[in-house]
2 protein chains.
Amino acid sequence: MTRALTRKGAATRQRIVVGAAAEIRERGVEEVRLEDVMARTGTSKGQLFHYFPEGKEELLLAVAEHEADQVLADQEPMLSNLTSWPAWQAWRDRLIERYLAQGVKCPLNALLGQAGRRAPGAQAVVTGLMWRWQGKIAEGVRQMQSTGDIAPEVDAERAAAALLAGIQGGVLLMLTTGKIDHLEAALDVNLGSLRTGAGTT
Amino acid sequence: MTRALTRKGAATRQRIVVGAAAEIRERGVEEVRLEDVMARTGTSKGQLFHYFPEGKEELLLAVAEHEADQVLADQEPMLSNLTSWPAWQAWRDRLIERYLAQGVKCPLNALLGQAGRRAPGAQAVVTGLMWRWQGKIAEGVRQMQSTGDIAPEVDAERAAAALLAGIQGGVLLMLTTGKIDHLEAALDVNLGSLRTGAGTT
DNA sequence: CTAGCATTGGACCTGCAGGTCCATACGAGG
DNA sequence: CCTCGTATGGACCTGCAGGTCCAATGCTAG
């Protein structure tokens, strides 16, 4: 299973994954050809199939894993330190800022819409990402409950689920409409609910 | 522009659109081949290109329009009569029921993820659907405000935007995880916020 | 030094899906 | 019952993208 990779080989493999990820973010999974990846990363077809013997499917899976990690990493250190209202606000602002900057180039779009159906494993990668994400948020809620900032009767998992849904939908609508309004509204309403406890019990 | 269609011709065209829509819902845009549509609808390649001279692109656009209308129609008459809390609840229940029943076969998934990028017009169709959808919700909020059931300082459009984002994200997460929990949580939190006015001003 | 495996380049193959074309059948109006 | 445009069937074409193959080159360890 673990293939023998020299230092150089590992670097090349990494270069392919990163390049493919960027290409996919910009143009969508279905639009990206192996040839495009080769051109961008300066590699040959032989290399592609050397490092990803299963072909495109396997490359897509590697890209999915890479992007999934990136999505969470981009929210740090805020996401892991939701211990006060200003901290939540800082996290919110980071999300807005990040998605505003990235615009249409969304890794989630690539992962969810298309890779999900195809690759058997990609679906699992995305599901895993979502659970980890939701877990982080729920953890923050519980911490706020421990300090009395959030009412104890709030269901942390449920509140986190709603918030995550709002984020995903907000991003999705941004990709469609080009405006950030939905994401902003969703975040603010959900954070507002956390403060008052409305609908989260 | 308007092609001469006999009664029989119009029926065939319609049959193609409906069949293609069903096929796409079940298997995804990129997986569906013209041949699949032909097989399901009992038509020939000649017919496909007779009714959709631009080919697949044009067919996809017709399907997008068909599905977009369907999405809103499926929520009636609840969506147009959000005039009391029980009415909102009934609408909520209809949404849950509908998406629970349809499972992975989601028209939105087809429209958003893929058709959006490709067809120039499909993107516009989806955007239009979202605005109409949000408008209906906002209209309901305003009606509730006029009867005093919702605080007047609530921003109807913003609240509707957040709710719509929650729905879209909830559906998206259902497609990924297979569970309805996110959609339920998102709806309940957003409706809860409407009752109390939290975060929606 | 050299053996052996990792690495690289690129020519070539092949299936397939969208699209073209034309020959035929139908059907409504004169 | 004739005629012309619509409707239908299906053979055929073609480009292209994923995948195969092998030859050549470079590392690295013993």
# chains A, B, ... in the order shown; residues from 1 in each chain; ligands from 1

$ closest_atom_pairs --of "chain B" --to "chain D" --cutoff "10 Å" --atoms "only C-alpha atoms (C1' of nucleotides)" --output "JSON lines"
{"residue": "B:Ala4", "atom": "CA", "partner": "D:DT6", "partner_atom": "C1'", "distance": 8.0}
{"residue": "B:Leu5", "atom": "CA", "partner": "D:DT6", "partner_atom": "C1'", "distance": 7.5}
{"residue": "B:Thr6", "atom": "CA", "partner": "D:DT6", "partner_atom": "C1'", "distance": 7.4}
{"residue": "B:Lys8", "atom": "CA", "partner": "D:DA7", "partner_atom": "C1'", "distance": 8.5}
{"residue": "B:Gly9", "atom": "CA", "partner": "D:DA7", "partner_atom": "C1'", "distance": 7.0}
{"residue": "B:Thr12", "atom": "CA", "partner": "D:DA7", "partner_atom": "C1'", "distance": 9.6}
{"residue": "B:Thr43", "atom": "CA", "partner": "D:DT8", "partner_atom": "C1'", "distance": 8.3}
{"residue": "B:Ser44", "atom": "CA", "partner": "D:DG9", "partner_atom": "C1'", "distance": 6.3}
{"residue": "B:Lys45", "atom": "CA", "partner": "D:DG10", "partner_atom": "C1'", "distance": 7.9}
{"residue": "B:Gly46", "atom": "CA", "partner": "D:DT8", "partner_atom": "C1'", "distance": 6.9}
{"residue": "B:Gln47", "atom": "CA", "partner": "D:DT8", "partner_atom": "C1'", "distance": 6.5}
{"residue": "B:His50", "atom": "CA", "partner": "D:DA7", "partner_atom": "C1'", "distance": 8.7}

$ select_by_dssp --residues "chain A" --states "alpha helix (DSSP H)" --output "ChimeraX atom specification"
/A:7-27,34-41,45-51,56-73,85-102,107-109,116-118,120-146,156-177,181-196

$ atom_distance --atom1 "atom CA of A:Val17" --atom2 "atom CA of A:Leu129"
18.3 Å

$ closest_atom_pairs --of "chain C" --to "chain B" --cutoff "8 Å" --atoms "only C-alpha atoms (C1' of nucleotides)" --output "Markdown table"
| residue | atom | partner | partner_atom | distance |
| --- | --- | --- | --- | --- |
| C:DA17 | C1' | B:Arg33 | CA | 7.1 |
| C:DG18 | C1' | B:Lys56 | CA | 8.0 |
| C:DG19 | C1' | B:Gly55 | CA | 7.8 |

$ interface_residues --of "chain B" --to "chain A" --cutoff "6 Å" --atoms "only C-alpha atoms" --output "PyMOL selection string"
chain B and resi 113+127+158+161-162+165-166+168-170+177+182+185-186+188-189+192-193+198-200

$ atom_distance --atom1 "atom CA of B:Asp149" --atom2 "atom CA of B:Ala90"
16.5 Å
